[in-house]
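For reference, the structure is listed below as structure tokens.
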Amino acid sequence: MFRGATSLSLDAKGRLAVPTKHREALQLQCAGDLVLTAHPHRCLLLYPQPAWEPIQAKMMALSSFDKQSSALQRLLVGFAEDVAMDSAGRMLVSPVLRDFAGLDKEVMLVGQGSHFELWNMEAWRAQLAQVMQDDNFTMPSELEGFSL
């Protein structure tokens with residue numbers, strides 16, 4: 001279970017040091033073999049490779065004749081890249097994916113249970129501000145009756 005938000009820096013080569021608290025779990029779960037891909041919200045998704053496989057299978061089972069399905073296939077599967085953590089716990093974010101998500105030096109890695117989101121720091125702050133200021137925020141119907 002990956003949770004928590006961590007502010008990180010990309011180095012000059014586009015490498016990201018995975019936080020120590022997640023390295024051991026990623027080594028145990030997938031030997032450091034990860035999949036990094038694009039998300040429609042202009043962030044990146046980082047999955048342990050075994051957790052990614054069923055998602056890719058579901059995406060590829062969708063009709064390629066449906067415009068929305070093929071657009072999601074192009075985005076999620078088309079941008080998907082296999083990445084591996086090196087011995088120092090770093091992974092390389094390709095120039096294509098850095099460009100897609102607007103990643104520069106400051107980034108935010110956000111745990112989402114089975115995977116992570118990787119955000120440009122300014123985009124992350126803007127996204128949070130939007131959620132916090134939205135007076136019309138309503139809970140999804142699936143969470144009706146949910147309480148914290």
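Quick note on naming: the chains in the structure tokens go A, B, ... in the order shown, residues restart at 1 in each chain, and ligands are numbered from 1 in order of appearance.
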Please identify which residues in region 13-76 of chain A DSSP calls helix (DSSP H, G or I) from the backbone, and express them as an MDAnalysis selection string.
chainID A and resid 20:30 49:61 67:76
Can you write just those residues out, N, CA and C atoms, as an mmCIF file, in the first residue's frame?
data_model
loop_
_atom_site.group_PDB
_atom_site.id
_atom_site.type_symbol
_atom_site.label_atom_id
_atom_site.label_comp_id
_atom_site.auth_asym_id
_atom_site.auth_seq_id
_atom_site.Cartn_x
_atom_site.Cartn_y
_atom_site.Cartn_z
ATOM 1 N N THR A 20 13.016 6.321 0.297
ATOM 2 C CA THR A 20 13.490 5.124 0.990
ATOM 3 C C THR A 20 12.338 4.301 1.535
ATOM 4 N N LYS A 21 11.305 4.961 2.067
ATOM 5 C CA LYS A 21 10.196 4.219 2.669
ATOM 6 C C LYS A 21 9.453 3.343 1.672
ATOM 7 N N HIS A 22 9.604 3.598 0.358
ATOM 8 C CA HIS A 22 8.921 2.796 -0.662
ATOM 9 C C HIS A 22 9.841 1.816 -1.380
ATOM 10 N N ARG A 23 11.153 2.022 -1.270
ATOM 11 C CA ARG A 23 12.093 1.188 -2.030
ATOM 12 C C ARG A 23 11.992 -0.291 -1.682
ATOM 13 N N GLU A 24 11.968 -0.599 -0.393
ATOM 14 C CA GLU A 24 11.933 -2.008 0.015
ATOM 15 C C GLU A 24 10.663 -2.686 -0.491
ATOM 16 N N ALA A 25 9.535 -2.018 -0.357
ATOM 17 C CA ALA A 25 8.271 -2.599 -0.823
ATOM 18 C C ALA A 25 8.310 -2.826 -2.334
ATOM 19 N N LEU A 26 8.876 -1.884 -3.071
ATOM 20 C CA LEU A 26 8.963 -2.038 -4.518
ATOM 21 C C LEU A 26 9.936 -3.153 -4.897
ATOM 22 N N GLN A 27 10.996 -3.298 -4.141
ATOM 23 C CA GLN A 27 11.926 -4.405 -4.409
ATOM 24 C C GLN A 27 11.250 -5.743 -4.155
ATOM 25 N N LEU A 28 10.506 -5.838 -3.056
ATOM 26 C CA LEU A 28 9.821 -7.086 -2.730
ATOM 27 C C LEU A 28 8.689 -7.393 -3.708
ATOM 28 N N GLN A 29 7.945 -6.380 -4.075
ATOM 29 C CA GLN A 29 6.760 -6.572 -4.917
ATOM 30 C C GLN A 29 7.107 -6.828 -6.374
ATOM 31 N N CYS A 30 8.155 -6.163 -6.880
ATOM 32 C CA CYS A 30 8.398 -6.249 -8.324
ATOM 33 C C CYS A 30 9.871 -6.187 -8.699
ATOM 34 N N GLN A 49 5.319 -3.218 -11.882
ATOM 35 C CA GLN A 49 5.006 -3.894 -13.132
ATOM 36 C C GLN A 49 3.891 -4.937 -12.994
ATOM 37 N N PRO A 50 3.858 -5.790 -11.951
ATOM 38 C CA PRO A 50 2.764 -6.765 -11.845
ATOM 39 C C PRO A 50 1.385 -6.111 -11.659
ATOM 40 N N ALA A 51 1.318 -4.955 -11.031
ATOM 41 C CA ALA A 51 0.035 -4.268 -10.836
ATOM 42 C C ALA A 51 -0.437 -3.613 -12.136
ATOM 43 N N TRP A 52 0.502 -3.296 -13.024
ATOM 44 C CA TRP A 52 0.161 -2.656 -14.292
ATOM 45 C C TRP A 52 -0.443 -3.644 -15.292
ATOM 46 N N GLU A 53 0.024 -4.874 -15.290
ATOM 47 C CA GLU A 53 -0.375 -5.849 -16.309
ATOM 48 C C GLU A 53 -1.894 -6.018 -16.443
ATOM 49 N N PRO A 54 -2.672 -6.183 -15.343
ATOM 50 C CA PRO A 54 -4.124 -6.311 -15.512
ATOM 51 C C PRO A 54 -4.774 -5.041 -16.058
ATOM 52 N N ILE A 55 -4.214 -3.889 -15.742
ATOM 53 C CA ILE A 55 -4.753 -2.623 -16.257
ATOM 54 C C ILE A 55 -4.542 -2.563 -17.764
ATOM 55 N N GLN A 56 -3.344 -2.898 -18.192
ATOM 56 C CA GLN A 56 -3.062 -2.894 -19.626
ATOM 57 C C GLN A 56 -3.953 -3.898 -20.350
ATOM 58 N N ALA A 57 -4.150 -5.072 -19.762
ATOM 59 C CA ALA A 57 -5.010 -6.083 -20.389
ATOM 60 C C ALA A 57 -6.442 -5.566 -20.541
ATOM 61 N N LYS A 58 -6.966 -4.895 -19.518
ATOM 62 C CA LYS A 58 -8.316 -4.322 -19.601
ATOM 63 C C LYS A 58 -8.400 -3.255 -20.687
ATOM 64 N N MET A 59 -7.381 -2.409 -20.743
ATOM 65 C CA MET A 59 -7.368 -1.336 -21.739
ATOM 66 C C MET A 59 -7.345 -1.909 -23.148
ATOM 67 N N MET A 60 -6.548 -2.933 -23.359
ATOM 68 C CA MET A 60 -6.408 -3.496 -24.694
ATOM 69 C C MET A 60 -7.621 -4.344 -25.093
ATOM 70 N N ALA A 61 -8.444 -4.715 -24.119
ATOM 71 C CA ALA A 61 -9.664 -5.471 -24.421
ATOM 72 C C ALA A 61 -10.791 -4.556 -24.912
ATOM 73 N N LYS A 67 -14.041 5.818 -30.100
ATOM 74 C CA LYS A 67 -13.110 6.940 -30.026
ATOM 75 C C LYS A 67 -12.546 7.157 -28.622
ATOM 76 N N GLN A 68 -13.399 7.099 -27.597
ATOM 77 C CA GLN A 68 -12.922 7.324 -26.233
ATOM 78 C C GLN A 68 -11.998 6.206 -25.775
ATOM 79 N N SER A 69 -12.356 4.964 -26.099
ATOM 80 C CA SER A 69 -11.519 3.825 -25.723
ATOM 81 C C SER A 69 -10.158 3.904 -26.394
ATOM 82 N N SER A 70 -10.165 4.197 -27.705
ATOM 83 C CA SER A 70 -8.870 4.256 -28.380
ATOM 84 C C SER A 70 -8.035 5.431 -27.906
ATOM 85 N N ALA A 71 -8.678 6.528 -27.536
ATOM 86 C CA ALA A 71 -7.919 7.661 -27.001
ATOM 87 C C ALA A 71 -7.246 7.279 -25.686
ATOM 88 N N LEU A 72 -7.982 6.572 -24.819
ATOM 89 C CA LEU A 72 -7.378 6.121 -23.556
ATOM 90 C C LEU A 72 -6.279 5.088 -23.801
ATOM 91 N N GLN A 73 -6.477 4.195 -24.752
ATOM 92 C CA GLN A 73 -5.435 3.218 -25.086
ATOM 93 C C GLN A 73 -4.170 3.930 -25.546
ATOM 94 N N ARG A 74 -4.333 4.917 -26.413
ATOM 95 C CA ARG A 74 -3.167 5.663 -26.908
ATOM 96 C C ARG A 74 -2.435 6.358 -25.770
ATOM 97 N N LEU A 75 -3.198 6.910 -24.863
ATOM 98 C CA LEU A 75 -2.590 7.646 -23.754
ATOM 99 C C LEU A 75 -1.935 6.702 -22.750
ATOM 100 N N LEU A 76 -2.730 5.798 -22.179
ATOM 101 C CA LEU A 76 -2.221 4.951 -21.098
ATOM 102 C C LEU A 76 -1.231 3.890 -21.560
#
Atomic separation - CA of Trp124 (chain A) relative to CA of Ala38 (chain A), Å
15.1 Å
Using only C-alpha atoms, pick whichever of A:Lys105, A:Asp86, A:Cys43, A:Phe79 has the shortest atom-to-atom distance to Asp11 (chain A).
A:Lys105
Measuring between only C-alpha atoms, which one of A:Leu92, A:Val77, A:Val35, A:Val83 shows the shortest distance to Ala12 (chain A)?
A:Leu92
Pairwise distance for CA of Val110 (chain A) and CA of Leu46 (chain A), rounded to one decimal in Å:
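The value is 9.7 Å.
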Need the shell around Leu36 (chain A): protein/DNA/RNA residues with any atom at most 7 Å away, counting only C-alpha atoms. Skip same-chain ones fewer than 5 positions apart. Format as a JSON list (two decimals) with N, CA and C atoms, in the first residue's frame?
[["chain", "number", "residue", "atom", "x", "y", "z"],
["A", 44, "LEU", "N", 1.81, 11.81, -14.21],
["A", 44, "LEU", "CA", 2.25, 10.48, -14.61],
["A", 44, "LEU", "C", 1.80, 9.47, -13.57],
["A", 45, "LEU", "N", 1.59, 8.25, -14.00],
["A", 45, "LEU", "CA", 1.24, 7.15, -13.11],
["A", 45, "LEU", "C", 2.43, 6.21, -13.05],
["A", 46, "LEU", "N", 2.78, 5.78, -11.85],
["A", 46, "LEU", "CA", 3.90, 4.86, -11.64],
["A", 46, "LEU", "C", 3.37, 3.62, -10.95],
["A", 47, "TYR", "N", 3.45, 2.48, -11.64],
["A", 47, "TYR", "CA", 2.94, 1.21, -11.13],
["A", 47, "TYR", "C", 4.05, 0.20, -10.97],
["A", 80, "ALA", "N", 3.14, 4.21, -22.04],
["A", 80, "ALA", "CA", 3.70, 3.35, -20.99],
["A", 80, "ALA", "C", 5.14, 2.97, -21.31],
["A", 81, "GLU", "N", 5.99, 3.11, -20.30],
["A", 81, "GLU", "CA", 7.40, 2.76, -20.42],
["A", 81, "GLU", "C", 7.81, 1.90, -19.24],
["A", 82, "ASP", "N", 8.58, 0.87, -19.53],
["A", 82, "ASP", "CA", 9.18, 0.06, -18.47],
["A", 82, "ASP", "C", 10.36, 0.83, -17.92],
["A", 83, "VAL", "N", 10.39, 0.98, -16.61],
["A", 83, "VAL", "CA", 11.52, 1.63, -15.94],
["A", 83, "VAL", "C", 11.97, 0.74, -14.79]]
